[in-house]
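*Asks:* For reference, the file entry39.pdb (PDB, C-alpha atoms) is included below:
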```pdb
ATOM      1  CA  MET M   1       0.000   0.000   0.000
ATOM      2  CA  VAL M   2       1.276   3.452  -0.954
ATOM      3  CA  PHE M   3       0.216   6.626   0.845
ATOM      4  CA  PHE M   4       0.928  10.213  -0.219
ATOM      5  CA  LYS M   5       3.133   8.844  -3.063
ATOM      6  CA  ARG M   6       6.021   8.424  -0.600
ATOM      7  CA  LEU M   7       5.040   6.121   2.257
ATOM      8  CA  THR M   8       4.921   2.391   1.485
ATOM      9  CA  LEU M   9       3.536  -0.292   3.779
ATOM     10  CA  GLU M  10       4.132  -3.958   3.054
ATOM     11  CA  GLY M  11       3.508  -7.212   4.855
ATOM     12  CA  GLY M  12       3.903 -10.880   4.069
ATOM     13  CA  TRP M  13       4.623 -14.443   5.083
ATOM     14  CA  ASN M  14       7.703 -16.489   4.185
ATOM     15  CA  LEU M  15       8.390 -20.205   4.483
ATOM     16  CA  TYR M  16      12.039 -21.314   4.495
ATOM     17  CA  ALA M  17      13.105 -24.923   4.019
ATOM     18  CA  TYR M  18      16.629 -26.331   4.399
ATOM     19  CA  PRO M  19      16.861 -29.570   2.393
ATOM     20  CA  GLY M  20      20.491 -30.169   3.386
ATOM     21  CA  ILE M  21      19.566 -30.667   7.028
ATOM     22  CA  GLY M  22      16.336 -32.603   6.709
ATOM     23  CA  SER M  23      12.795 -31.906   5.590
ATOM     24  CA  SER M  24      11.656 -31.094   9.139
ATOM     25  CA  ALA M  25      13.878 -28.011   9.361
ATOM     26  CA  GLN M  26      11.481 -25.288   8.292
ATOM     27  CA  VAL M  27      11.007 -21.713   9.389
ATOM     28  CA  GLN M  28       7.863 -19.636   9.026
ATOM     29  CA  GLU M  29       8.195 -15.871   9.155
ATOM     30  CA  VAL M  30       5.710 -13.002   9.241
ATOM     31  CA  TYR M  31       7.108  -9.582   8.373
ATOM     32  CA  GLY M  32       6.096  -5.963   8.081
ATOM     33  CA  LYS M  33       7.949  -3.290   6.136
ATOM     34  CA  VAL M  34       7.736   0.519   6.092
ATOM     35  CA  GLY M  35       9.393   2.494   3.298
ATOM     36  CA  PHE M  36       9.688   6.225   2.673
ATOM     37  CA  ASP M  37      10.828   7.923  -0.543
ATOM     38  CA  ASP M  38      12.451  11.242   0.404
ATOM     39  CA  GLY M  39      13.487  12.195  -3.128
ATOM     40  CA  GLY M  40      13.239  15.920  -3.810
ATOM     41  CA  ILE M  41      12.549  17.075  -0.259
ATOM     42  CA  TRP M  42      16.129  17.872   0.809
ATOM     43  CA  PRO M  43      17.439  21.463   0.484
ATOM     44  CA  PHE M  44      20.627  20.318  -1.303
ATOM     45  CA  LYS M  45      21.006  18.358  -4.533
ATOM     46  CA  LEU M  46      23.637  16.139  -6.074
ATOM     47  CA  PRO M  47      24.186  16.085  -9.847
ATOM     48  CA  GLY M  48      21.145  14.663 -11.579
ATOM     49  CA  ASP M  49      17.854  13.905  -9.861
ATOM     50  CA  GLN M  50      18.677  13.035  -6.292
ATOM     51  CA  ASP M  51      16.524  10.596  -4.399
ATOM     52  CA  SER M  52      16.833   8.456  -1.311
ATOM     53  CA  ARG M  53      14.694   5.590  -0.075
ATOM     54  CA  SER M  54      14.563   4.595   3.568
ATOM     55  CA  ARG M  55      13.295   1.230   4.777
ATOM     56  CA  LEU M  56      12.410  -0.287   8.119
ATOM     57  CA  MET M  57      11.465  -3.944   8.414
ATOM     58  CA  SER M  58      10.486  -6.038  11.415
ATOM     59  CA  CYS M  59      10.126  -9.823  11.310
ATOM     60  CA  SER M  60       8.531 -12.233  13.743
ATOM     61  CA  GLN M  61       9.643 -15.819  13.256
ATOM     62  CA  ALA M  62       7.978 -19.046  14.367
ATOM     63  CA  ARG M  63       9.906 -22.291  14.110
ATOM     64  CA  PRO M  64       9.902 -25.919  15.232
ATOM     65  CA  PRO M  65      12.311 -27.356  17.815
ATOM     66  CA  ALA M  66      15.841 -27.152  16.501
ATOM     67  CA  ALA M  67      17.723 -29.975  14.882
ATOM     68  CA  PRO M  68      21.437 -30.378  15.799
ATOM     69  CA  MET M  69      22.475 -28.691  12.551
ATOM     70  CA  GLY M  70      19.429 -26.452  12.185
ATOM     71  CA  PRO M  71      19.409 -22.736  11.495
ATOM     72  CA  ALA M  72      17.698 -22.123  14.825
ATOM     73  CA  PRO M  73      19.671 -24.077  17.444
ATOM     74  CA  SER M  74      17.511 -22.833  20.306
ATOM     75  CA  ALA M  75      14.378 -24.627  21.440
ATOM     76  CA  ALA M  76      12.588 -21.274  21.486
ATOM     77  CA  SER M  77       9.467 -21.210  19.333
ATOM     78  CA  MET M  78       9.587 -17.497  18.494
ATOM     79  CA  ALA M  79      12.269 -15.091  17.388
ATOM     80  CA  SER M  80      12.294 -11.561  16.043
ATOM     81  CA  THR M  81      14.623  -9.347  14.066
ATOM     82  CA  TRP M  82      14.757  -5.738  12.962
ATOM     83  CA  GLU M  83      16.292  -4.532   9.711
ATOM     84  CA  THR M  84      16.782  -0.948   8.680
ATOM     85  CA  GLY M  85      18.193   0.428   5.483
ATOM     86  CA  ILE M  86      18.664   3.453   3.293
ATOM     87  CA  ASP M  87      19.180   3.680  -0.462
ATOM     88  CA  PRO M  88      20.578   7.105  -1.432
ATOM     89  CA  GLY M  89      21.293   7.753  -5.082
ATOM     90  CA  TYR M  90      20.881  10.019  -8.060
ATOM     91  CA  ALA M  91      20.115   9.682 -11.740
ATOM     92  CA  VAL M  92      22.204  10.959 -14.625
ATOM     93  CA  ASP M  93      21.733  10.875 -18.385
ATOM     94  CA  VAL M  94      24.825   9.354 -19.985
ATOM     95  CA  ALA M  95      23.205   9.517 -23.422
ATOM     96  CA  LYS M  96      19.864  10.335 -24.980
ATOM     97  CA  ASP M  97      17.176   8.056 -23.577
ATOM     98  CA  TRP M  98      19.767   6.264 -21.423
ATOM     99  CA  PRO M  99      19.399   7.499 -17.812
ATOM    100  CA  ILE M 100      21.293   5.605 -15.135
ATOM    101  CA  ARG M 101      20.452   5.618 -11.442
ATOM    102  CA  LEU M 102      23.510   5.119  -9.223
ATOM    103  CA  HIS M 103      22.743   4.249  -5.620
ATOM    104  CA  LEU M 104      24.242   2.894  -2.418
ATOM    105  CA  PRO M 105      21.775   0.532  -0.720
ATOM    106  CA  PHE M 106      22.704  -0.169   2.898
ATOM    107  CA  THR M 107      20.990  -2.690   5.183
ATOM    108  CA  LEU M 108      21.621  -3.456   8.855
ATOM    109  CA  GLY M 109      20.207  -6.617  10.438
ATOM    110  CA  LEU M 110      19.797  -6.838  14.218
ATOM    111  CA  SER M 111      18.377  -9.568  16.427
ATOM    112  CA  LEU M 112      15.676  -8.427  18.824
ATOM    113  CA  SER M 113      15.152 -11.865  20.352
ATOM    114  CA  ASN M 114      16.745 -15.287  19.617
ATOM    115  CA  TYR M 115      17.240 -14.592  15.898
ATOM    116  CA  TYR M 116      20.997 -14.715  15.197
ATOM    117  CA  GLU M 117      21.887 -17.492  17.586
ATOM    118  CA  VAL M 118      24.087 -20.587  17.552
ATOM    119  CA  ALA M 119      24.605 -23.579  19.818
ATOM    120  CA  THR M 120      28.080 -23.708  21.365
ATOM    121  CA  ALA M 121      29.727 -25.790  24.069
ATOM    122  CA  ALA M 122      28.688 -23.097  26.546
ATOM    123  CA  GLY M 123      25.057 -23.224  25.401
ATOM    124  CA  VAL M 124      22.841 -21.333  22.968
ATOM    125  CA  LYS M 125      23.896 -17.731  22.456
ATOM    126  CA  ASP M 126      22.136 -14.956  20.597
ATOM    127  CA  GLN M 127      23.971 -11.998  19.082
ATOM    128  CA  THR M 128      22.366  -8.619  18.409
ATOM    129  CA  PHE M 129      24.462  -7.776  15.342
ATOM    130  CA  GLY M 130      23.579 -10.088  12.456
ATOM    131  CA  PHE M 131      24.920  -8.428   9.329
ATOM    132  CA  ALA M 132      25.571  -5.184   7.467
ATOM    133  CA  ASP M 133      25.384  -4.954   3.683
ATOM    134  CA  LEU M 134      26.537  -2.060   1.478
ATOM    135  CA  GLY M 135      25.979  -2.106  -2.279
ATOM    136  CA  PHE M 136      27.181  -0.058  -5.247
ATOM    137  CA  VAL M 137      24.386  -0.509  -7.774
ATOM    138  CA  ALA M 138      23.441   0.905 -11.167
ATOM    139  CA  ASP M 139      19.907   0.760 -12.601
ATOM    140  CA  VAL M 140      19.459   1.200 -16.356
ATOM    141  CA  PRO M 141      15.905   1.465 -17.781
ATOM    142  CA  LEU M 142      15.529  -0.317 -21.118
ATOM    143  CA  LYS M 143      13.490   2.359 -22.844
ATOM    144  CA  PHE M 144      13.704   0.628 -26.219
ATOM    145  CA  VAL M 145      11.298  -2.046 -24.939
ATOM    146  CA  PRO M 146       7.761  -1.154 -26.118
ATOM    147  CA  ALA M 147       5.532   0.168 -23.320
ATOM    148  CA  ARG M 148       2.975  -2.585 -23.974
ATOM    149  CA  TYR M 149       5.508  -5.070 -22.589
ATOM    150  CA  GLY M 150       5.893  -3.144 -19.335
ATOM    151  CA  LYS M 151       8.741  -1.171 -17.796
ATOM    152  CA  TRP M 152      12.074  -3.051 -17.960
ATOM    153  CA  THR M 153      15.100  -2.164 -15.826
ATOM    154  CA  VAL M 154      18.501  -3.870 -15.632
ATOM    155  CA  SER M 155      20.319  -3.617 -12.286
ATOM    156  CA  GLY M 156      23.714  -4.801 -11.117
ATOM    157  CA  GLY M 157      26.693  -4.116  -8.943
ATOM    158  CA  PRO M 158      28.967  -5.367  -6.150
ATOM    159  CA  HIS M 159      28.016  -5.666  -2.481
ATOM    160  CA  LEU M 160      30.138  -5.692   0.670
ATOM    161  CA  LEU M 161      28.825  -7.981   3.414
ATOM    162  CA  TRP M 162      29.874  -7.954   7.063
ATOM    163  CA  LEU M 163      28.707 -10.860   9.238
ATOM    164  CA  GLY M 164      28.283 -10.950  12.990
ATOM    165  CA  SER M 165      30.280 -13.578  14.858
ATOM    166  CA  ASN M 166      27.351 -16.005  15.065
ATOM    167  CA  ASN M 167      26.564 -15.768  11.358
ATOM    168  CA  LYS M 168      30.268 -16.029  10.626
ATOM    169  CA  LEU M 169      30.345 -19.305  12.557
ATOM    170  CA  LEU M 170      27.260 -20.655  10.784
ATOM    171  CA  ALA M 171      28.632 -19.748   7.363
ATOM    172  CA  GLY M 172      32.036 -21.246   8.063
ATOM    173  CA  PRO M 173      33.780 -24.398   6.830
ATOM    174  CA  PRO M 174      31.858 -27.714   6.849
ATOM    175  CA  GLY M 175      31.113 -28.880  10.344
ATOM    176  CA  PRO M 176      28.311 -29.641  12.798
ATOM    177  CA  GLN M 177      27.332 -25.954  12.945
ATOM    178  CA  ALA M 178      27.271 -25.321   9.186
ATOM    179  CA  LEU M 179      23.745 -24.805   7.885
ATOM    180  CA  ASN M 180      24.047 -27.275   5.027
ATOM    181  CA  GLY M 181      27.537 -28.723   5.327
ATOM    182  CA  LEU M 182      28.841 -26.435   2.561
ATOM    183  CA  ASN M 183      31.592 -23.843   2.859
ATOM    184  CA  VAL M 184      29.458 -20.781   2.107
ATOM    185  CA  THR M 185      31.863 -17.940   2.901
ATOM    186  CA  GLY M 186      34.823 -19.771   4.345
ATOM    187  CA  GLY M 187      34.011 -18.509   7.824
ATOM    188  CA  LYS M 188      35.103 -14.983   6.992
ATOM    189  CA  GLY M 189      33.362 -12.030   8.589
ATOM    190  CA  PHE M 190      33.702  -9.985   5.398
ATOM    191  CA  GLU M 191      32.668 -11.000   1.905
ATOM    192  CA  VAL M 192      32.317  -9.375  -1.520
ATOM    193  CA  TYR M 193      29.598 -10.585  -3.876
ATOM    194  CA  GLY M 194      27.706  -9.297  -6.879
ATOM    195  CA  ILE M 195      24.057  -9.116  -7.903
ATOM    196  CA  ALA M 196      22.562  -8.655 -11.364
ATOM    197  CA  GLY M 197      18.952  -8.805 -12.377
ATOM    198  CA  LEU M 198      16.107  -7.715 -14.596
ATOM    199  CA  LYS M 199      12.951  -6.081 -13.197
ATOM    200  CA  ILE M 200       9.736  -6.013 -15.187
ATOM    201  CA  GLU M 201       6.812  -3.872 -14.035
ATOM    202  CA  TYR M 202       3.301  -3.710 -15.454
TER     203      TYR M 202
END
```
Translate this structure into structure tokens?
*Replies:*
Amino acid sequence: MVFFKRLTLEGGWNLYAYPGIGSSAQVQEVYGKVGFDDGGIWPFKLPGDQDSRSRLMSCSQARPPAAPMGPAPSAASMASTWETGIDPGYAVDVAKDWPIRLHLPFTLGLSLSNYYEVATAAGVKDQTFGFADLGFVADVPLKFVPARYGKWTVSGGPHLLWLGSNNKLLAGPPGPQALNGLNVTGGKGFEVYGIAGLKIEY
């Protein structure tokens, strides 16, 4: 739902399954998201058409009792997290009919209760800091696509990911605490990855 052309409210339900650790390891999640587009309201301007998009998201998670290698090692049935982000950027015309939006999406993930936790020899421990993600992204509208086929936009760019110590442990080398027995990030707290995609809107 969009209000006043700037305020966006969103809600949903997610179901996560982890085949590598058994069919019983599933997580159900209900989330709510608030977004605000503050483009054009600041007294200063960068080159091009400046805009910034802020986002707040809160998740409440329900899950079954944890398996030894499960993503939720606690026996707690509920967990919650809070994510906040901002996406400042501006658009420039590099050529006729070829505008590019350059932006820096940033997301911070924090555990409010039992969300980023792992089972250790000392017991189950939760950590407030889950991750921080900073991207350097370019969006290019494909204006040559006829309007009857919708609005097409190509996006891509690198991201820098910082993991909290618990997520670093879970994403580490194969072992009893790895989510699926695969070496996802090598146990490093910092990782560089890239995303590319095509968005089609009607």
*Asks:* Evaluate the PyMOL selection byres ((chain M and resi 138-145) around 6) on the structure here and hand back the selected residues as a ChimeraX atom specification.
*Replies:* /M:100-102,137,146,152-156
*Asks:* Limited to C-alpha atoms, could you put the picked residues into a file as a PDB file, in the frame of the given file?
*Replies:*
```pdb
ATOM      1  CA  ILE M 100      21.293   5.605 -15.135  1.00  0.00           C
ATOM      2  CA  ARG M 101      20.452   5.618 -11.442  1.00  0.00           C
ATOM      3  CA  LEU M 102      23.510   5.119  -9.223  1.00  0.00           C
ATOM      4  CA  VAL M 137      24.386  -0.509  -7.774  1.00  0.00           C
ATOM      5  CA  PRO M 146       7.761  -1.154 -26.118  1.00  0.00           C
ATOM      6  CA  TRP M 152      12.074  -3.051 -17.960  1.00  0.00           C
ATOM      7  CA  THR M 153      15.100  -2.164 -15.826  1.00  0.00           C
ATOM      8  CA  VAL M 154      18.501  -3.870 -15.632  1.00  0.00           C
ATOM      9  CA  SER M 155      20.319  -3.617 -12.286  1.00  0.00           C
ATOM     10  CA  GLY M 156      23.714  -4.801 -11.117  1.00  0.00           C
TER      11      GLY M 156
END
```
*Asks:* Using all atoms listed in the file for the distances, tell me which of M:Tyr16, M:Tyr202, M:Phe4, M:Trp82 is nearest to M:Lys33.
*Replies:*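 Ranked by minimum distance to M:Lys33, first place goes to M:Trp82.
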*Asks:* Would you work out the distance separating atom CA of M:Gln28 from atom CA of M:Glu117, expressed in Å to one decimal?
*Replies:* 16.6 Å
*Asks:* Just give me the gap between atom CA of M:Leu163 and atom CA of M:Lys199 in Å, one decimal is fine.
*Replies:*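 These atoms are spaced 27.8 Å apart.
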*Asks:* Rounded to one decimal in Å, what is the spacing between atom CA of M:Gly164 and atom CA of M:Phe129?
*Replies:*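 Between atom CA of M:Gly164 and atom CA of M:Phe129 the gap is 5.5 Å.
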*Asks:* Care to translate the PyMOL selection byres ((chain M and resi 114) around 8) into actual residues of this file, as a list of chain:residue names?
*Replies:* M:Ser74, M:Ala76, M:Met78, M:Ala79, M:Ser80, M:Ser111, M:Leu112, M:Ser113, M:Tyr115, M:Tyr116, M:Glu117, M:Asp126, M:Gln127
*Asks:* Could you write out as a PyMOL selection string the residues that the PyMOL selection byres ((chain M and resi 9) around 9) matches in the shown file?
*Replies:* chain M and resi 1-3+7-8+10-11+32-35
*Asks:* Which residues are near M:Asn14? Cut-off 9 Å, all atoms listed in the file, ignore same chain within fewer than 5 positions. Put them as a PyMOL selection string.
*Replies:* chain M and resi 27-31
*Asks:* Which is closest to M:Thr84 among M:Ser165, M:Phe36, M:Gly197, M:Val118, if we use all atoms listed in the file?
*Replies:*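 When distances to M:Thr84 are compared using all atoms listed in the file, the smallest one comes from M:Phe36.
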*Asks:* Please determine, counting all atoms listed in the file, which residue among M:Leu104, M:Gly85, M:Glu201, M:Gln26 has the shortest atom-to-atom distance to M:Tyr149.
*Replies:*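 Of M:Leu104, M:Gly85, M:Glu201, M:Gln26, the one nearest M:Tyr149, counting all atoms listed in the file, is M:Glu201.
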*Asks:* Counting only C-alpha atoms, figure out which residue out of M:Leu134, M:Leu169, M:Gly12, M:Arg148 gets nearest to M:Ile195.
*Replies:* M:Leu134
